[in-house]
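Participant: My file is structure-v4.txt. It has compact mmCIF, C-alpha atoms:
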```txt
# COMPACT_ATOMS: atom_id res chain seq x y z
CA MET A 1 -3.41 15.78 47.22
CA ASN A 2 -6.68 16.66 45.51
CA GLY A 3 -7.28 17.70 41.97
CA PHE A 4 -6.68 16.28 38.51
CA GLN A 5 -3.62 14.11 38.16
CA PRO A 6 -2.51 13.87 34.54
CA GLN A 7 -1.70 10.37 33.36
CA ALA A 8 1.68 9.63 31.90
CA ALA A 9 1.62 9.76 28.13
CA ARG A 10 1.11 6.33 26.63
CA GLN A 11 3.81 5.10 24.31
CA PRO A 12 2.46 4.46 20.81
CA GLU A 13 2.18 0.85 19.74
CA PRO A 14 5.11 -0.15 17.48
CA ARG A 15 4.17 -0.48 13.85
CA MET A 16 3.65 -4.07 12.77
CA TYR A 17 6.29 -4.02 10.07
CA ARG A 18 8.91 -3.02 12.65
CA VAL A 19 7.82 -5.81 14.99
CA VAL A 20 8.03 -8.37 12.18
CA ALA A 21 11.37 -6.99 10.95
CA GLU A 22 12.86 -7.32 14.42
CA ARG A 23 11.60 -10.90 14.71
CA ILE A 24 13.20 -11.77 11.37
CA GLN A 25 16.47 -10.27 12.60
CA GLU A 26 16.23 -12.44 15.71
CA LEU A 27 15.71 -15.50 13.53
CA ILE A 28 18.79 -14.61 11.46
CA ARG A 29 20.87 -14.32 14.64
CA GLU A 30 19.46 -17.45 16.30
CA GLN A 31 20.01 -19.60 13.21
CA HIS A 32 23.45 -18.07 12.57
CA LEU A 33 22.54 -17.32 8.96
CA ALA A 34 25.65 -16.09 7.18
CA PRO A 35 25.72 -13.40 4.49
CA GLY A 36 24.41 -14.89 1.27
CA ALA A 37 22.19 -17.39 3.08
CA ARG A 38 18.64 -17.67 1.79
CA LEU A 39 15.77 -17.20 4.19
CA PRO A 40 12.95 -19.77 4.24
CA ALA A 41 10.20 -19.38 1.65
CA GLU A 42 7.54 -16.78 2.43
CA ARG A 43 4.81 -19.23 3.42
CA GLU A 44 7.13 -21.14 5.70
CA LEU A 45 8.55 -17.99 7.26
CA ALA A 46 5.11 -16.43 7.79
CA ALA A 47 3.88 -19.63 9.45
CA SER A 48 6.98 -19.81 11.63
CA LEU A 49 6.58 -16.21 12.81
CA ARG A 50 2.77 -16.55 13.01
CA VAL A 51 2.14 -13.46 10.90
CA SER A 52 0.29 -12.83 7.65
CA ARG A 53 2.19 -12.78 4.37
CA ALA A 54 1.28 -9.09 4.06
CA SER A 55 2.96 -8.29 7.40
CA LEU A 56 5.91 -10.51 6.49
CA ARG A 57 6.45 -8.67 3.21
CA GLU A 58 6.35 -5.29 4.96
CA GLY A 59 8.93 -6.52 7.48
CA LEU A 60 11.19 -7.88 4.74
CA ILE A 61 10.99 -4.61 2.80
CA ALA A 62 11.88 -2.66 5.97
CA LEU A 63 14.91 -4.91 6.42
CA GLU A 64 15.90 -4.48 2.79
CA LEU A 65 15.77 -0.69 3.17
CA GLY A 66 17.91 -1.12 6.30
CA GLY A 67 20.49 -3.16 4.38
CA VAL A 68 19.86 -6.38 6.33
CA VAL A 69 18.44 -8.52 3.52
CA GLU A 70 18.09 -8.42 -0.25
CA VAL A 71 14.80 -9.38 -1.91
CA ARG A 72 15.43 -11.00 -5.28
CA GLY A 73 12.31 -11.40 -7.37
CA GLY A 74 11.66 -15.01 -8.32
CA SER A 75 14.60 -16.22 -6.26
CA GLY A 76 14.02 -15.42 -2.61
CA VAL A 77 15.33 -13.29 0.24
CA TYR A 78 19.02 -13.35 1.13
CA VAL A 79 21.03 -12.13 4.11
CA CYS A 80 23.32 -9.21 3.29
CA GLU A 81 26.86 -8.55 4.45
CA PRO A 82 26.62 -6.87 7.87
CA ALA A 83 27.25 -3.14 7.94
CA ALA A 84 29.96 -1.58 10.09
CA SER A 85 27.25 -0.44 12.53
CA PRO A 86 23.92 -2.13 13.32
CA ALA A 87 21.23 -1.35 10.77
CA ALA A 88 18.54 1.09 11.82
CA LEU A 89 15.10 0.08 10.66
CA PRO A 90 13.40 2.91 8.75
CA GLU A 91 10.52 4.73 10.39
CA ALA A 92 8.31 5.13 7.38
CA GLY A 93 4.97 6.05 8.91
CA PRO A 94 1.95 3.80 8.35
CA GLY A 95 2.73 0.54 6.61
CA PRO A 96 1.43 0.02 3.04
CA PHE A 97 -1.30 -2.37 4.15
CA GLU A 98 -2.43 0.03 6.88
CA VAL A 99 -2.88 2.67 4.20
CA LEU A 100 -4.68 0.28 1.84
CA SER A 101 -7.01 -0.76 4.67
CA ALA A 102 -7.85 2.88 5.42
CA ARG A 103 -8.44 3.56 1.74
CA GLY A 104 -10.77 0.55 1.59
CA VAL A 105 -12.91 2.08 4.35
CA ILE A 106 -12.91 5.65 3.06
CA GLU A 107 -12.61 5.58 -0.72
CA THR A 108 -15.48 3.14 -1.19
CA GLU A 109 -17.85 5.67 0.36
CA VAL A 110 -16.17 8.55 -1.46
CA ALA A 111 -16.91 6.79 -4.76
CA ALA A 112 -20.55 6.34 -3.73
CA MET A 113 -20.83 10.04 -2.78
CA ALA A 114 -19.25 11.05 -6.08
CA ALA A 115 -21.88 9.04 -7.94
CA LYS A 116 -24.59 11.04 -6.17
CA ASN A 117 -23.00 14.50 -6.31
CA ALA A 118 -20.67 14.75 -9.31
CA SER A 119 -21.26 17.71 -11.62
CA PRO A 120 -20.65 17.39 -15.38
CA ALA A 121 -17.33 19.22 -14.91
CA ALA A 122 -16.32 16.83 -12.12
CA LEU A 123 -17.12 13.84 -14.34
CA ASP A 124 -14.99 15.37 -17.10
CA ALA A 125 -12.08 15.71 -14.64
CA ILE A 126 -12.32 12.06 -13.59
CA ASP A 127 -12.50 10.99 -17.23
CA ALA A 128 -9.48 13.17 -18.12
CA ALA A 129 -7.41 11.55 -15.36
CA LEU A 130 -8.46 8.09 -16.55
CA ARG A 131 -7.51 8.91 -20.14
CA GLU A 132 -4.13 10.26 -19.00
CA MET A 133 -3.53 7.06 -17.07
CA GLU A 134 -4.26 5.05 -20.19
CA ARG A 135 -1.99 7.26 -22.32
CA SER A 136 0.89 7.03 -19.83
CA HIS A 137 0.61 3.29 -19.21
CA GLU A 138 4.25 2.65 -20.16
CA ASP A 139 5.62 5.64 -18.23
CA ARG A 140 5.39 4.48 -14.61
CA SER A 141 6.06 7.88 -13.03
CA SER A 142 3.46 9.71 -15.14
CA ASN A 143 1.08 6.79 -14.76
CA GLU A 144 1.25 6.99 -10.97
CA LEU A 145 0.59 10.74 -11.04
CA ALA A 146 -2.46 10.12 -13.22
CA ASP A 147 -3.59 7.34 -10.85
CA ARG A 148 -3.39 9.77 -7.92
CA GLU A 149 -5.28 12.43 -9.87
CA PHE A 150 -8.02 9.91 -10.72
CA HIS A 151 -8.67 9.19 -7.05
CA LEU A 152 -8.44 12.87 -6.08
CA ALA A 153 -10.84 13.83 -8.88
CA ILE A 154 -13.36 11.36 -7.47
CA ALA A 155 -12.94 12.94 -4.04
CA ARG A 156 -13.45 16.42 -5.50
CA ALA A 157 -16.61 15.18 -7.20
CA THR A 158 -18.19 14.63 -3.77
CA GLY A 159 -18.17 18.39 -3.17
CA ASN A 160 -16.63 17.77 0.28
CA THR A 161 -13.23 19.45 0.64
CA ALA A 162 -12.54 17.60 3.91
CA LEU A 163 -12.69 14.30 2.02
CA VAL A 164 -10.34 15.68 -0.64
CA GLY A 165 -7.87 16.44 2.16
CA VAL A 166 -8.22 12.94 3.60
CA ILE A 167 -7.59 11.24 0.24
CA ASP A 168 -4.62 13.54 -0.41
CA TYR A 169 -3.22 12.64 3.02
CA LEU A 170 -3.57 8.91 2.38
CA TRP A 171 -1.78 9.20 -0.95
CA ARG A 172 1.05 11.14 0.68
CA GLN A 173 1.59 8.17 3.02
CA ARG A 174 3.16 6.26 0.14
CA SER A 175 6.51 5.94 1.86
CA SER A 176 9.75 4.24 0.87
CA LEU A 177 8.17 0.99 2.10
CA TRP A 178 5.28 1.40 -0.34
CA HIS A 179 7.49 2.18 -3.32
CA ARG A 180 9.86 -0.73 -2.66
CA LEU A 181 6.93 -3.10 -2.12
CA LYS A 182 5.43 -1.96 -5.43
CA GLU A 183 8.79 -2.31 -7.15
CA HIS A 184 9.05 -5.96 -6.10
CA TYR A 185 5.47 -7.16 -6.26
CA ARG A 186 3.42 -5.07 -8.69
CA THR A 187 2.73 -7.16 -11.77
CA GLU A 188 1.80 -6.26 -15.32
CA GLU A 189 -1.45 -8.12 -14.69
CA LEU A 190 -2.22 -5.75 -11.81
CA ARG A 191 -1.41 -2.70 -13.94
CA MET A 192 -3.82 -3.85 -16.66
CA SER A 193 -6.46 -4.80 -14.09
CA THR A 194 -6.14 -1.35 -12.51
CA LEU A 195 -7.07 0.31 -15.80
CA LEU A 196 -10.11 -1.95 -16.14
CA ASP A 197 -11.07 -1.31 -12.52
CA HIS A 198 -10.83 2.45 -13.02
CA ARG A 199 -13.05 2.29 -16.10
CA THR A 200 -15.63 0.34 -14.10
CA ILE A 201 -15.47 2.84 -11.22
CA PHE A 202 -15.90 5.79 -13.58
CA ALA A 203 -18.75 4.13 -15.47
CA ALA A 204 -20.65 3.59 -12.22
CA ILE A 205 -20.07 7.18 -11.08
CA ALA A 206 -21.15 8.56 -14.46
CA ALA A 207 -24.29 6.38 -14.32
CA ARG A 208 -25.11 7.78 -10.84
CA ASP A 209 -24.89 4.23 -9.49
CA ALA A 210 -23.70 4.77 -5.92
CA SER A 211 -23.88 1.09 -5.00
CA GLY A 212 -22.00 0.08 -8.13
CA ALA A 213 -19.32 2.73 -7.57
CA ARG A 214 -18.84 1.59 -3.98
CA LYS A 215 -18.52 -2.05 -5.07
CA ALA A 216 -16.15 -1.25 -7.95
CA MET A 217 -13.82 0.73 -5.68
CA ARG A 218 -13.88 -2.05 -3.09
CA ILE A 219 -12.96 -4.65 -5.71
CA HIS A 220 -10.14 -2.46 -7.02
CA LEU A 221 -8.50 -1.82 -3.65
CA ALA A 222 -8.94 -5.45 -2.61
CA ARG A 223 -7.16 -6.51 -5.81
CA VAL A 224 -4.18 -4.24 -5.07
CA THR A 225 -4.00 -5.51 -1.49
CA ARG A 226 -4.24 -9.15 -2.55
CA THR A 227 -1.51 -8.79 -5.18
CA PHE A 228 0.94 -7.01 -2.86
CA ALA A 229 0.22 -9.56 -0.11
CA GLY A 230 1.03 -12.47 -2.40
CA GLY A 231 -2.46 -13.64 -3.26
CA GLY A 232 -2.51 -12.83 -6.96
CA ALA A 233 -4.30 -10.12 -8.96
```
Take the structure in the file and write it out as structure tokens.
Facilitator:
Amino acid sequence: MNGFQPQAARQPEPRMYRVVAERIQELIREQHLAPGARLPAERELAASLRVSRASLREGLIALELGGVVEVRGGSGVYVCEPAASPAALPEAGPGPFEVLSARGVIETEVAAMAAKNASPAALDAIDAALREMERSHEDRSSNELADREFHLAIARATGNTALVGVIDYLWRQRSSLWHRLKEHYRTEELRMSTLLDHRTIFAAIAARDASGARKAMRIHLARVTRTFAGGGA
């Protein structure tokens, strides 16, 4: 038979946090860990599973959302009482570190473009978002909205609406995994460092320093990634 033969649709690769979560569940079963049992420390568990601590944390958070484990800050991770039916791991879209990696590629260049193209009104909008973030430091919900507006204002300052859409999309990927990860691992040190980072980013953009803006954004996103992955602020 001649002519084009369509290939069967390829199955998407499973997200890493789901792979890691399933491997942790296997470990719980193989070691017959009873409810209340504490899992090995993060470093030991990551080495045993041959995954990064970032991937391990995503997997643990997925299991916590599925009711399989409980993450207790400063204490460890504990096996939960089994549910009546097997837990379904949440499908939460891209993992938090996938999103942070994408932001590291895109937002660094967005900051550089903003430094070249920002109008006085665009600079005022970035500054207003930064000031609102400083004012709402103790109100986490308002502070996060101001954080989002800061990054979107930088994207708008490029004059490229497609980039605004990309940044908006990336921020909307903050799933239940992201929020639980932040709940467990965001520190006060990171919150203070974020304000300082944002001031540095804005100063570089206002000074029309594209290279400095790119570097400042890279440092900021690397700091967030490092903190959430267990490497400190």
Participant: Return as AutoDock Vina command-line options the centre and edge lengths, in Å with one decimal, of the box along x, y and z that encloses every atom of region 29-43 of chain A in the file, padded by 8 Å per side.
Facilitator:
```
--center_x 15.3 --center_y -16.6 --center_z 8.8 --size_x 36.9 --size_y 22.4 --size_z 31.0
```
Participant: Identify which of the residues A:Lys182, A:Glu188, A:Met133, A:Ala206 lies closest to Ala157 (chain A), counting only C-alpha atoms when measuring atom-to-atom distances.
Facilitator: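 Smallest distance to Ala157 (chain A) is found for A:Ala206.
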Participant: Tell me, in Å to one decimal, how far CA of Leu100 (chain A) is from CA of Glu42 (chain A).
Facilitator: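 We find that CA of Leu100 (chain A) and CA of Glu42 (chain A) lie 21.0 Å from each other.
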Participant: Go through A:Val71, A:Ala222, A:Cys80, A:Ala204 one by one, measure the shortest atom-to-atom distance of each to Ile126 (chain A) using all atoms listed in the file, and give the residue with the smallest value.
Facilitator: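 Once distances to Ile126 (chain A) are computed over all atoms listed in the file, the minimum belongs to A:Ala204.
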Participant: Have a look at CA of Ala216 (chain A) and CA of Ala111 (chain A) and let me know their distance in Å, one decimal.
Facilitator: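 Computing it gives 8.7 Å between the two atoms.
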Participant: Quick one: which region 114-212 of chain A residues come within 12 Å of region 48-56 of chain A, and what is the nearest atom pair for each with the distance in Å to one decimal, counting only C-alpha atoms, rows ordered by chain and ascending number, as a tab-separated table?
Facilitator:
```
residue	atom	partner	partner_atom	distance
A:Leu177	CA	A:Ser55	CA	11.9
A:Leu181	CA	A:Ala54	CA	10.3
A:Tyr185	CA	A:Ala54	CA	11.3
```
Participant: Show me a table, sorted first by chain and then by increasing residue number, of the residues of region 134-233 of chain A having an atom at most 6 Å from region 102-110 of chain A, each with its shortest atom pair and the distance in Å to one decimal, counting only C-alpha atoms and written as JSON lines.
Facilitator:
```
{"residue": "A:Arg214", "atom": "CA", "partner": "A:Thr108", "partner_atom": "CA", "distance": 4.6}
{"residue": "A:Met217", "atom": "CA", "partner": "A:Thr108", "partner_atom": "CA", "distance": 5.4}
{"residue": "A:Arg218", "atom": "CA", "partner": "A:Thr108", "partner_atom": "CA", "distance": 5.8}
```
